[in-house]
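One structure below.
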Amino acid sequence: MRVVFIGPPGVGKGTQAQRLAARHGVVKISTGDVLREAVRQGTPLGVRAKAFMDAGALVPDDVVVGMLAERLQAGDTQKGYLLDGFPRTIVQAEALERLMAGRGEQLDRVVAFGADPEVIVERLSGRRSCPGCGKVYHTRFDPSPRANACGACGEALMQRQDDREDTIRKRLLVYNEETTPLLAFYRNRGLLAQIDGTASIDEVADQVEKVLRAPESV
Ligand code: AP5
């Protein structure tokens with residue numbers, strides 16, 4: 001299985017990617033997670049990326065494409081992979097095609113999630129993430145069983161720096177301008193499946209499974 005998840009910030013890509021990857025035994029690669037880890041460790045990549053991320057802007061294409069190319073070389077991508085938040089521009093999508101062609105691979109599906117901006121702001125303002133294992137919760141919609149701590153590994157939960165309302169609105173603008181052209185790009189290749197991200201987590205998961213099973217519903 002080689003799948004891409006596209007959608008505005010906070011629509012639930014990471015939540016669904018976490019579930020789908022576990023269920024199908026494929027690795028989830030989130031460029032946002034890789035970048036946040038680089039920032040946390042203070043690597044040269046992290047230092048370069050931080051200002052873009054804090055401002056709600058995209059990290060330059062050459063940086064993320066290089067990062068993804070390196071990540072795909074790891075042995076855990078042999079059985080398939082789920083790309084969460086990559087590509088986000090046409091330049092990245094074309095680079096992914098070249099990378100995959102070089103590996104003799106093709107995408108099976110591109111799942112695009114949609115939701116209204118107000119739903120997104122509500123989801124992101126209640127999001128809490130585990131800095132240890134990366135698990136994502138929501139104070140209201142998906143609370144951790146342990147107050148302020150991760151139910152899986154026990155670390156204290158954190159709120160992301162870019163989940164402030166003004167930065168969320170900037171990220172939405174960037175999504176509309178730079179990422180939505182990918183919908184036509186993948187529709188033209190017969191790969192796109194659009195689903196409603198406003199339903200409950202379980203209902204969205206069912207929709208994802210359905211479109212992955214039914215290529216004719218593009
Ligand atoms: P990234 O980390 O990828 O952020 P994003 O795309 O903005 O997406 P989010 O992680 O904010 O949201 P999500 O859709 O995964 O939602 P989640 O499942 O957490 O990127 C961060 C930054 O890194 C970017 O701004 C950019 O600077 C840089 N970057 C990353 N990739 C890049 C690239 N390719 N090119 C350039 N720059 C790049 O859900 C949100 C909340 O809602 C959670 O609390 C969850 O519990 C809850 N929730 C989820 N689903 C539901 C539901 N159905 N009902 C109710 N609540 C729900």
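Naming works like this for the structure tokens: A, B, ... for the chains as they're shown, residue 1 at the start of each chain, ligands 1 onward in shown order.
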Test item: residues lying within 7 Å of ligand 1 with only C-alpha atoms and all ligand atoms, as a PDB file with N, CA, C and O atoms, in the first residue's frame:
ATOM      1  N   GLY A   7      -4.804  17.369   3.007  1.00  0.00           N
ATOM      2  CA  GLY A   7      -5.934  18.058   3.625  1.00  0.00           C
ATOM      3  C   GLY A   7      -5.449  19.248   4.416  1.00  0.00           C
ATOM      4  O   GLY A   7      -4.260  19.341   4.741  1.00  0.00           O
ATOM      5  N   PRO A   8      -6.362  20.153   4.736  1.00  0.00           N
ATOM      6  CA  PRO A   8      -5.980  21.333   5.495  1.00  0.00           C
ATOM      7  C   PRO A   8      -5.464  20.966   6.887  1.00  0.00           C
ATOM      8  O   PRO A   8      -5.731  19.852   7.378  1.00  0.00           O
ATOM      9  N   PRO A   9      -4.762  21.863   7.539  1.00  0.00           N
ATOM     10  CA  PRO A   9      -4.267  21.597   8.892  1.00  0.00           C
ATOM     11  C   PRO A   9      -5.424  21.215   9.807  1.00  0.00           C
ATOM     12  O   PRO A   9      -6.500  21.810   9.734  1.00  0.00           O
ATOM     13  N   GLY A  10      -5.211  20.210  10.633  1.00  0.00           N
ATOM     14  CA  GLY A  10      -6.204  19.877  11.646  1.00  0.00           C
ATOM     15  C   GLY A  10      -7.396  19.091  11.157  1.00  0.00           C
ATOM     16  O   GLY A  10      -8.303  18.787  11.933  1.00  0.00           O
ATOM     17  N   VAL A  11      -7.422  18.703   9.887  1.00  0.00           N
ATOM     18  CA  VAL A  11      -8.600  18.003   9.365  1.00  0.00           C
ATOM     19  C   VAL A  11      -8.650  16.564   9.875  1.00  0.00           C
ATOM     20  O   VAL A  11      -9.692  15.905   9.818  1.00  0.00           O
ATOM     21  N   GLY A  12      -7.497  16.057  10.367  1.00  0.00           N
ATOM     22  CA  GLY A  12      -7.486  14.703  10.920  1.00  0.00           C
ATOM     23  C   GLY A  12      -6.589  13.735  10.156  1.00  0.00           C
ATOM     24  O   GLY A  12      -6.668  12.521  10.363  1.00  0.00           O
ATOM     25  N   LYS A  13      -5.708  14.258   9.321  1.00  0.00           N
ATOM     26  CA  LYS A  13      -4.809  13.390   8.527  1.00  0.00           C
ATOM     27  C   LYS A  13      -3.955  12.507   9.433  1.00  0.00           C
ATOM     28  O   LYS A  13      -3.844  11.305   9.238  1.00  0.00           O
ATOM     29  N   GLY A  14      -3.328  13.143  10.425  1.00  0.00           N
ATOM     30  CA  GLY A  14      -2.416  12.410  11.308  1.00  0.00           C
ATOM     31  C   GLY A  14      -3.146  11.350  12.115  1.00  0.00           C
ATOM     32  O   GLY A  14      -2.667  10.223  12.271  1.00  0.00           O
ATOM     33  N   THR A  15      -4.338  11.708  12.608  1.00  0.00           N
ATOM     34  CA  THR A  15      -5.142  10.761  13.397  1.00  0.00           C
ATOM     35  C   THR A  15      -5.477   9.539  12.561  1.00  0.00           C
ATOM     36  O   THR A  15      -5.332   8.392  13.006  1.00  0.00           O
ATOM     37  N   GLN A  16      -5.906   9.771  11.328  1.00  0.00           N
ATOM     38  CA  GLN A  16      -6.283   8.646  10.460  1.00  0.00           C
ATOM     39  C   GLN A  16      -5.047   7.880   9.996  1.00  0.00           C
ATOM     40  O   GLN A  16      -5.098   6.658   9.876  1.00  0.00           O
ATOM     41  N   SER A  30       5.224  11.253   8.342  1.00  0.00           N
ATOM     42  CA  SER A  30       4.665  12.600   8.426  1.00  0.00           C
ATOM     43  C   SER A  30       5.826  13.586   8.354  1.00  0.00           C
ATOM     44  O   SER A  30       6.695  13.600   9.230  1.00  0.00           O
ATOM     45  N   THR A  31       5.836  14.406   7.293  1.00  0.00           N
ATOM     46  CA  THR A  31       6.944  15.372   7.178  1.00  0.00           C
ATOM     47  C   THR A  31       6.888  16.367   8.343  1.00  0.00           C
ATOM     48  O   THR A  31       7.918  16.826   8.813  1.00  0.00           O
ATOM     49  N   GLY A  32       5.678  16.680   8.816  1.00  0.00           N
ATOM     50  CA  GLY A  32       5.568  17.580   9.974  1.00  0.00           C
ATOM     51  C   GLY A  32       6.254  16.985  11.200  1.00  0.00           C
ATOM     52  O   GLY A  32       6.998  17.665  11.908  1.00  0.00           O
ATOM     53  N   ASP A  33       6.041  15.680  11.446  1.00  0.00           N
ATOM     54  CA  ASP A  33       6.675  15.022  12.604  1.00  0.00           C
ATOM     55  C   ASP A  33       8.194  15.004  12.456  1.00  0.00           C
ATOM     56  O   ASP A  33       8.928  15.243  13.424  1.00  0.00           O
ATOM     57  N   LEU A  35      10.046  17.065  10.789  1.00  0.00           N
ATOM     58  CA  LEU A  35      10.559  18.433  10.975  1.00  0.00           C
ATOM     59  C   LEU A  35      10.534  18.843  12.451  1.00  0.00           C
ATOM     60  O   LEU A  35      11.489  19.437  12.956  1.00  0.00           O
ATOM     61  N   PHE A  52       9.956  28.954   9.507  1.00  0.00           N
ATOM     62  CA  PHE A  52       8.846  28.743   8.567  1.00  0.00           C
ATOM     63  C   PHE A  52       7.665  28.123   9.305  1.00  0.00           C
ATOM     64  O   PHE A  52       6.520  28.541   9.145  1.00  0.00           O
ATOM     65  N   MET A  53       7.940  27.108  10.123  1.00  0.00           N
ATOM     66  CA  MET A  53       6.865  26.388  10.806  1.00  0.00           C
ATOM     67  C   MET A  53       6.146  27.289  11.806  1.00  0.00           C
ATOM     68  O   MET A  53       4.925  27.315  11.868  1.00  0.00           O
ATOM     69  N   GLY A  56       3.707  29.456  10.208  1.00  0.00           N
ATOM     70  CA  GLY A  56       2.613  28.812   9.488  1.00  0.00           C
ATOM     71  C   GLY A  56       2.884  28.717   7.993  1.00  0.00           C
ATOM     72  O   GLY A  56       1.970  28.462   7.207  1.00  0.00           O
ATOM     73  N   ALA A  57       4.132  28.930   7.590  1.00  0.00           N
ATOM     74  CA  ALA A  57       4.492  28.857   6.162  1.00  0.00           C
ATOM     75  C   ALA A  57       5.046  27.477   5.839  1.00  0.00           C
ATOM     76  O   ALA A  57       5.400  26.711   6.743  1.00  0.00           O
ATOM     77  N   LEU A  58       5.150  27.175   4.541  1.00  0.00           N
ATOM     78  CA  LEU A  58       5.740  25.897   4.146  1.00  0.00           C
ATOM     79  C   LEU A  58       7.260  25.997   4.213  1.00  0.00           C
ATOM     80  O   LEU A  58       7.845  27.023   3.870  1.00  0.00           O
ATOM     81  N   VAL A  59       7.895  24.920   4.604  1.00  0.00           N
ATOM     82  CA  VAL A  59       9.348  24.798   4.556  1.00  0.00           C
ATOM     83  C   VAL A  59       9.703  24.645   3.068  1.00  0.00           C
ATOM     84  O   VAL A  59       8.948  24.013   2.319  1.00  0.00           O
ATOM     85  N   PRO A  60      10.825  25.243   2.606  1.00  0.00           N
ATOM     86  CA  PRO A  60      11.129  25.198   1.167  1.00  0.00           C
ATOM     87  C   PRO A  60      11.136  23.770   0.589  1.00  0.00           C
ATOM     88  O   PRO A  60      11.548  22.814   1.248  1.00  0.00           O
ATOM     89  N   ASP A  61      10.676  23.686  -0.661  1.00  0.00           N
ATOM     90  CA  ASP A  61      10.529  22.387  -1.327  1.00  0.00           C
ATOM     91  C   ASP A  61      11.816  21.560  -1.300  1.00  0.00           C
ATOM     92  O   ASP A  61      11.774  20.358  -1.031  1.00  0.00           O
ATOM     93  N   VAL A  64      12.297  19.760   2.107  1.00  0.00           N
ATOM     94  CA  VAL A  64      11.418  18.622   2.433  1.00  0.00           C
ATOM     95  C   VAL A  64      11.572  17.477   1.444  1.00  0.00           C
ATOM     96  O   VAL A  64      11.481  16.304   1.828  1.00  0.00           O
ATOM     97  N   ASP A  84       1.836  11.384   5.101  1.00  0.00           N
ATOM     98  CA  ASP A  84       0.913  12.297   5.783  1.00  0.00           C
ATOM     99  C   ASP A  84       1.501  13.717   5.704  1.00  0.00           C
ATOM    100  O   ASP A  84       2.474  14.018   6.373  1.00  0.00           O
ATOM    101  N   GLY A  85       0.903  14.550   4.829  1.00  0.00           N
ATOM    102  CA  GLY A  85       1.384  15.939   4.737  1.00  0.00           C
ATOM    103  C   GLY A  85       2.482  16.142   3.715  1.00  0.00           C
ATOM    104  O   GLY A  85       3.120  17.197   3.697  1.00  0.00           O
ATOM    105  N   PHE A  86       2.705  15.190   2.873  1.00  0.00           N
ATOM    106  CA  PHE A  86       3.632  15.320   1.747  1.00  0.00           C
ATOM    107  C   PHE A  86       3.023  14.569   0.581  1.00  0.00           C
ATOM    108  O   PHE A  86       2.599  13.425   0.771  1.00  0.00           O
ATOM    109  N   PRO A  87       2.977  15.123  -0.616  1.00  0.00           N
ATOM    110  CA  PRO A  87       3.422  16.454  -1.029  1.00  0.00           C
ATOM    111  C   PRO A  87       2.417  17.555  -0.666  1.00  0.00           C
ATOM    112  O   PRO A  87       1.248  17.283  -0.435  1.00  0.00           O
ATOM    113  N   ARG A  88       2.916  18.807  -0.678  1.00  0.00           N
ATOM    114  CA  ARG A  88       2.045  19.964  -0.428  1.00  0.00           C
ATOM    115  C   ARG A  88       2.109  20.992  -1.533  1.00  0.00           C
ATOM    116  O   ARG A  88       1.445  22.032  -1.440  1.00  0.00           O
ATOM    117  N   ARG A 123     -10.767  21.976  16.289  1.00  0.00           N
ATOM    118  CA  ARG A 123      -9.949  20.770  16.469  1.00  0.00           C
ATOM    119  C   ARG A 123      -8.527  21.120  16.900  1.00  0.00           C
ATOM    120  O   ARG A 123      -7.953  20.475  17.780  1.00  0.00           O
ATOM    121  N   LEU A 124      -7.961  22.142  16.255  1.00  0.00           N
ATOM    122  CA  LEU A 124      -6.555  22.433  16.562  1.00  0.00           C
ATOM    123  C   LEU A 124      -6.386  23.088  17.916  1.00  0.00           C
ATOM    124  O   LEU A 124      -5.380  22.879  18.598  1.00  0.00           O
ATOM    125  N   GLY A 126      -7.978  22.337  20.525  1.00  0.00           N
ATOM    126  CA  GLY A 126      -8.064  21.315  21.583  1.00  0.00           C
ATOM    127  C   GLY A 126      -7.054  20.182  21.409  1.00  0.00           C
ATOM    128  O   GLY A 126      -7.057  19.224  22.178  1.00  0.00           O
ATOM    129  N   ARG A 127      -6.198  20.279  20.407  1.00  0.00           N
ATOM    130  CA  ARG A 127      -5.245  19.184  20.158  1.00  0.00           C
ATOM    131  C   ARG A 127      -4.142  19.163  21.214  1.00  0.00           C
ATOM    132  O   ARG A 127      -3.593  20.194  21.595  1.00  0.00           O
ATOM    133  N   ARG A 128      -3.802  17.983  21.668  1.00  0.00           N
ATOM    134  CA  ARG A 128      -2.658  17.784  22.563  1.00  0.00           C
ATOM    135  C   ARG A 128      -1.853  16.621  21.989  1.00  0.00           C
ATOM    136  O   ARG A 128      -2.421  15.614  21.582  1.00  0.00           O
ATOM    137  N   VAL A 136      -1.561  11.521  19.170  1.00  0.00           N
ATOM    138  CA  VAL A 136      -2.313  12.782  19.158  1.00  0.00           C
ATOM    139  C   VAL A 136      -3.667  12.580  19.832  1.00  0.00           C
ATOM    140  O   VAL A 136      -4.339  11.579  19.595  1.00  0.00           O
ATOM    141  N   TYR A 137      -4.045  13.540  20.683  1.00  0.00           N
ATOM    142  CA  TYR A 137      -5.337  13.494  21.382  1.00  0.00           C
ATOM    143  C   TYR A 137      -6.099  14.787  21.134  1.00  0.00           C
ATOM    144  O   TYR A 137      -5.560  15.752  20.570  1.00  0.00           O
ATOM    145  N   HIS A 138      -7.349  14.807  21.603  1.00  0.00           N
ATOM    146  CA  HIS A 138      -8.122  16.058  21.618  1.00  0.00           C
ATOM    147  C   HIS A 138      -8.811  16.146  22.974  1.00  0.00           C
ATOM    148  O   HIS A 138      -9.374  15.151  23.441  1.00  0.00           O
ATOM    149  N   PHE A 141     -12.732  15.636  21.844  1.00  0.00           N
ATOM    150  CA  PHE A 141     -13.150  14.592  20.898  1.00  0.00           C
ATOM    151  C   PHE A 141     -12.388  13.274  21.051  1.00  0.00           C
ATOM    152  O   PHE A 141     -12.857  12.238  20.600  1.00  0.00           O
ATOM    153  N   ASP A 142     -11.206  13.332  21.638  1.00  0.00           N
ATOM    154  CA  ASP A 142     -10.394  12.106  21.739  1.00  0.00           C
ATOM    155  C   ASP A 142      -9.439  12.238  22.936  1.00  0.00           C
ATOM    156  O   ASP A 142      -8.214  12.277  22.777  1.00  0.00           O
ATOM    157  N   ARG A 171      -1.982  29.101   8.193  1.00  0.00           N
ATOM    158  CA  ARG A 171      -1.759  27.769   7.607  1.00  0.00           C
ATOM    159  C   ARG A 171      -2.900  27.395   6.652  1.00  0.00           C
ATOM    160  O   ARG A 171      -2.669  26.762   5.625  1.00  0.00           O
ATOM    161  N   GLY A 197     -14.140  15.152   6.092  1.00  0.00           N
ATOM    162  CA  GLY A 197     -13.391  15.000   7.340  1.00  0.00           C
ATOM    163  C   GLY A 197     -14.136  15.492   8.565  1.00  0.00           C
ATOM    164  O   GLY A 197     -13.588  15.471   9.680  1.00  0.00           O
ATOM    165  N   THR A 198     -15.398  15.934   8.402  1.00  0.00           N
ATOM    166  CA  THR A 198     -16.102  16.519   9.551  1.00  0.00           C
ATOM    167  C   THR A 198     -16.800  15.471  10.429  1.00  0.00           C
ATOM    168  O   THR A 198     -17.220  15.787  11.532  1.00  0.00           O
ATOM    169  N   ALA A 199     -16.927  14.258   9.929  1.00  0.00           N
ATOM    170  CA  ALA A 199     -17.597  13.214  10.714  1.00  0.00           C
ATOM    171  C   ALA A 199     -16.725  12.787  11.898  1.00  0.00           C
ATOM    172  O   ALA A 199     -15.607  13.287  12.062  1.00  0.00           O
ATOM    173  N   SER A 200     -17.231  11.851  12.702  1.00  0.00           N
ATOM    174  CA  SER A 200     -16.460  11.387  13.869  1.00  0.00           C
ATOM    175  C   SER A 200     -15.209  10.636  13.395  1.00  0.00           C
ATOM    176  O   SER A 200     -15.127  10.209  12.234  1.00  0.00           O
ATOM    177  N   ILE A 201     -14.268  10.446  14.304  1.00  0.00           N
ATOM    178  CA  ILE A 201     -13.011   9.771  13.952  1.00  0.00           C
ATOM    179  C   ILE A 201     -13.294   8.372  13.376  1.00  0.00           C
ATOM    180  O   ILE A 201     -12.726   7.979  12.355  1.00  0.00           O
ATOM    181  N   VAL A 204     -14.878   8.657   9.852  1.00  0.00           N
ATOM    182  CA  VAL A 204     -13.893   9.039   8.825  1.00  0.00           C
ATOM    183  C   VAL A 204     -13.006   7.831   8.501  1.00  0.00           C
ATOM    184  O   VAL A 204     -12.707   7.558   7.331  1.00  0.00           O
TER     185      VAL A 204
END
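Of the residues in segment 7-149 of chain A, those that DSSP places in strand (DSSP E) on the basis of the backbone are Val27, Lys28, Ile29, Ser30, Tyr81, Leu82, Leu83, Asp84, Arg109, Val110, Val111, Ala112, Phe113, Gly114, Arg127, Arg128, Ser129, Val136, Tyr137 and His138 of chain A.
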Item to check | Contacts of Asn176 of chain A at 12 Å (only C-alpha atoms; same-chain gap of 2+ positions) as a ChimeraX atom specification | outcome: /A:6-9,88-89,114,117,169-174,178-183
Take the residues that were just selected and, keeping N, CA, C and O atoms, output them as a PDB file, in the first residue's frame.
ATOM      1  N   ILE A   6      -3.869  14.103   1.922  1.00  0.00           N
ATOM      2  CA  ILE A   6      -3.816  15.553   1.733  1.00  0.00           C
ATOM      3  C   ILE A   6      -4.988  16.179   2.481  1.00  0.00           C
ATOM      4  O   ILE A   6      -6.068  15.575   2.531  1.00  0.00           O
ATOM      5  N   GLY A   7      -4.804  17.369   3.007  1.00  0.00           N
ATOM      6  CA  GLY A   7      -5.934  18.058   3.625  1.00  0.00           C
ATOM      7  C   GLY A   7      -5.449  19.248   4.416  1.00  0.00           C
ATOM      8  O   GLY A   7      -4.260  19.341   4.741  1.00  0.00           O
ATOM      9  N   PRO A   8      -6.362  20.153   4.736  1.00  0.00           N
ATOM     10  CA  PRO A   8      -5.980  21.333   5.495  1.00  0.00           C
ATOM     11  C   PRO A   8      -5.464  20.966   6.887  1.00  0.00           C
ATOM     12  O   PRO A   8      -5.731  19.852   7.378  1.00  0.00           O
ATOM     13  N   PRO A   9      -4.762  21.863   7.539  1.00  0.00           N
ATOM     14  CA  PRO A   9      -4.267  21.597   8.892  1.00  0.00           C
ATOM     15  C   PRO A   9      -5.424  21.215   9.807  1.00  0.00           C
ATOM     16  O   PRO A   9      -6.500  21.810   9.734  1.00  0.00           O
ATOM     17  N   ARG A  88       2.916  18.807  -0.678  1.00  0.00           N
ATOM     18  CA  ARG A  88       2.045  19.964  -0.428  1.00  0.00           C
ATOM     19  C   ARG A  88       2.109  20.992  -1.533  1.00  0.00           C
ATOM     20  O   ARG A  88       1.445  22.032  -1.440  1.00  0.00           O
ATOM     21  N   THR A  89       2.952  20.764  -2.517  1.00  0.00           N
ATOM     22  CA  THR A  89       3.047  21.671  -3.670  1.00  0.00           C
ATOM     23  C   THR A  89       3.203  20.802  -4.913  1.00  0.00           C
ATOM     24  O   THR A  89       3.556  19.616  -4.805  1.00  0.00           O
ATOM     25  N   GLY A 114     -11.648  16.923   3.629  1.00  0.00           N
ATOM     26  CA  GLY A 114     -12.152  18.302   3.639  1.00  0.00           C
ATOM     27  C   GLY A 114     -12.899  18.597   4.921  1.00  0.00           C
ATOM     28  O   GLY A 114     -13.489  17.696   5.521  1.00  0.00           O
ATOM     29  N   PRO A 117     -13.367  25.727   7.877  1.00  0.00           N
ATOM     30  CA  PRO A 117     -12.361  26.358   8.735  1.00  0.00           C
ATOM     31  C   PRO A 117     -12.742  26.385  10.214  1.00  0.00           C
ATOM     32  O   PRO A 117     -11.894  26.200  11.085  1.00  0.00           O
ATOM     33  N   ARG A 169      -4.932  30.245  11.038  1.00  0.00           N
ATOM     34  CA  ARG A 169      -5.574  30.905   9.896  1.00  0.00           C
ATOM     35  C   ARG A 169      -4.560  31.092   8.764  1.00  0.00           C
ATOM     36  O   ARG A 169      -4.880  30.943   7.597  1.00  0.00           O
ATOM     37  N   LYS A 170      -3.313  31.396   9.125  1.00  0.00           N
ATOM     38  CA  LYS A 170      -2.253  31.537   8.107  1.00  0.00           C
ATOM     39  C   LYS A 170      -2.019  30.181   7.419  1.00  0.00           C
ATOM     40  O   LYS A 170      -1.892  30.096   6.195  1.00  0.00           O
ATOM     41  N   ARG A 171      -1.982  29.101   8.193  1.00  0.00           N
ATOM     42  CA  ARG A 171      -1.759  27.769   7.607  1.00  0.00           C
ATOM     43  C   ARG A 171      -2.900  27.395   6.652  1.00  0.00           C
ATOM     44  O   ARG A 171      -2.669  26.762   5.625  1.00  0.00           O
ATOM     45  N   LEU A 172      -4.121  27.818   6.998  1.00  0.00           N
ATOM     46  CA  LEU A 172      -5.254  27.545   6.108  1.00  0.00           C
ATOM     47  C   LEU A 172      -5.106  28.284   4.778  1.00  0.00           C
ATOM     48  O   LEU A 172      -5.372  27.727   3.708  1.00  0.00           O
ATOM     49  N   LEU A 173      -4.644  29.540   4.852  1.00  0.00           N
ATOM     50  CA  LEU A 173      -4.423  30.315   3.623  1.00  0.00           C
ATOM     51  C   LEU A 173      -3.364  29.653   2.753  1.00  0.00           C
ATOM     52  O   LEU A 173      -3.522  29.510   1.545  1.00  0.00           O
ATOM     53  N   VAL A 174      -2.282  29.239   3.401  1.00  0.00           N
ATOM     54  CA  VAL A 174      -1.187  28.583   2.669  1.00  0.00           C
ATOM     55  C   VAL A 174      -1.702  27.298   2.016  1.00  0.00           C
ATOM     56  O   VAL A 174      -1.386  27.000   0.865  1.00  0.00           O
ATOM     57  N   GLU A 178      -1.336  26.934  -1.911  1.00  0.00           N
ATOM     58  CA  GLU A 178      -0.223  26.112  -2.408  1.00  0.00           C
ATOM     59  C   GLU A 178      -0.553  24.629  -2.552  1.00  0.00           C
ATOM     60  O   GLU A 178       0.051  23.936  -3.354  1.00  0.00           O
ATOM     61  N   THR A 179      -1.512  24.142  -1.761  1.00  0.00           N
ATOM     62  CA  THR A 179      -1.748  22.690  -1.775  1.00  0.00           C
ATOM     63  C   THR A 179      -2.986  22.293  -2.575  1.00  0.00           C
ATOM     64  O   THR A 179      -2.992  21.226  -3.192  1.00  0.00           O
ATOM     65  N   THR A 180      -4.021  23.156  -2.603  1.00  0.00           N
ATOM     66  CA  THR A 180      -5.238  22.716  -3.314  1.00  0.00           C
ATOM     67  C   THR A 180      -5.002  22.429  -4.812  1.00  0.00           C
ATOM     68  O   THR A 180      -5.714  21.577  -5.359  1.00  0.00           O
ATOM     69  N   PRO A 181      -4.017  23.056  -5.490  1.00  0.00           N
ATOM     70  CA  PRO A 181      -3.771  22.645  -6.893  1.00  0.00           C
ATOM     71  C   PRO A 181      -3.444  21.153  -7.038  1.00  0.00           C
ATOM     72  O   PRO A 181      -3.597  20.570  -8.114  1.00  0.00           O
ATOM     73  N   LEU A 182      -3.036  20.514  -5.939  1.00  0.00           N
ATOM     74  CA  LEU A 182      -2.726  19.079  -6.014  1.00  0.00           C
ATOM     75  C   LEU A 182      -3.976  18.235  -6.248  1.00  0.00           C
ATOM     76  O   LEU A 182      -3.880  17.111  -6.741  1.00  0.00           O
ATOM     77  N   LEU A 183      -5.146  18.782  -5.889  1.00  0.00           N
ATOM     78  CA  LEU A 183      -6.373  18.001  -6.086  1.00  0.00           C
ATOM     79  C   LEU A 183      -6.572  17.732  -7.577  1.00  0.00           C
ATOM     80  O   LEU A 183      -6.823  16.599  -7.989  1.00  0.00           O
TER      81      LEU A 183
END
Might you pull out every residue within 8 Å of segment 189-191 of chain A, with only C-alpha atoms counted and same-chain residues fewer than 3 positions away left off, and present them as a PDB file with C-alpha atoms, in the first residue's frame?
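Writing done, so here's out.pdb:
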ATOM      1  CA  LEU A 107       0.919   5.486  -5.761  1.00  0.00           C
ATOM      2  CA  ASP A 108      -2.236   3.450  -5.132  1.00  0.00           C
ATOM      3  CA  ARG A 109      -4.380   6.297  -3.864  1.00  0.00           C
ATOM      4  CA  VAL A 110      -4.451   9.943  -2.794  1.00  0.00           C
ATOM      5  CA  PHE A 185      -3.050  17.145 -10.296  1.00  0.00           C
ATOM      6  CA  TYR A 186      -4.081  13.828  -8.738  1.00  0.00           C
ATOM      7  CA  VAL A 218     -12.777   8.314  -7.466  1.00  0.00           C
TER       8      VAL A 218
END
Checklist entry - Which distance in Å separates atom CA of Val34 of chain A and atom CA of Cys133 of chain A, to one decimal? => result 12.6 Å
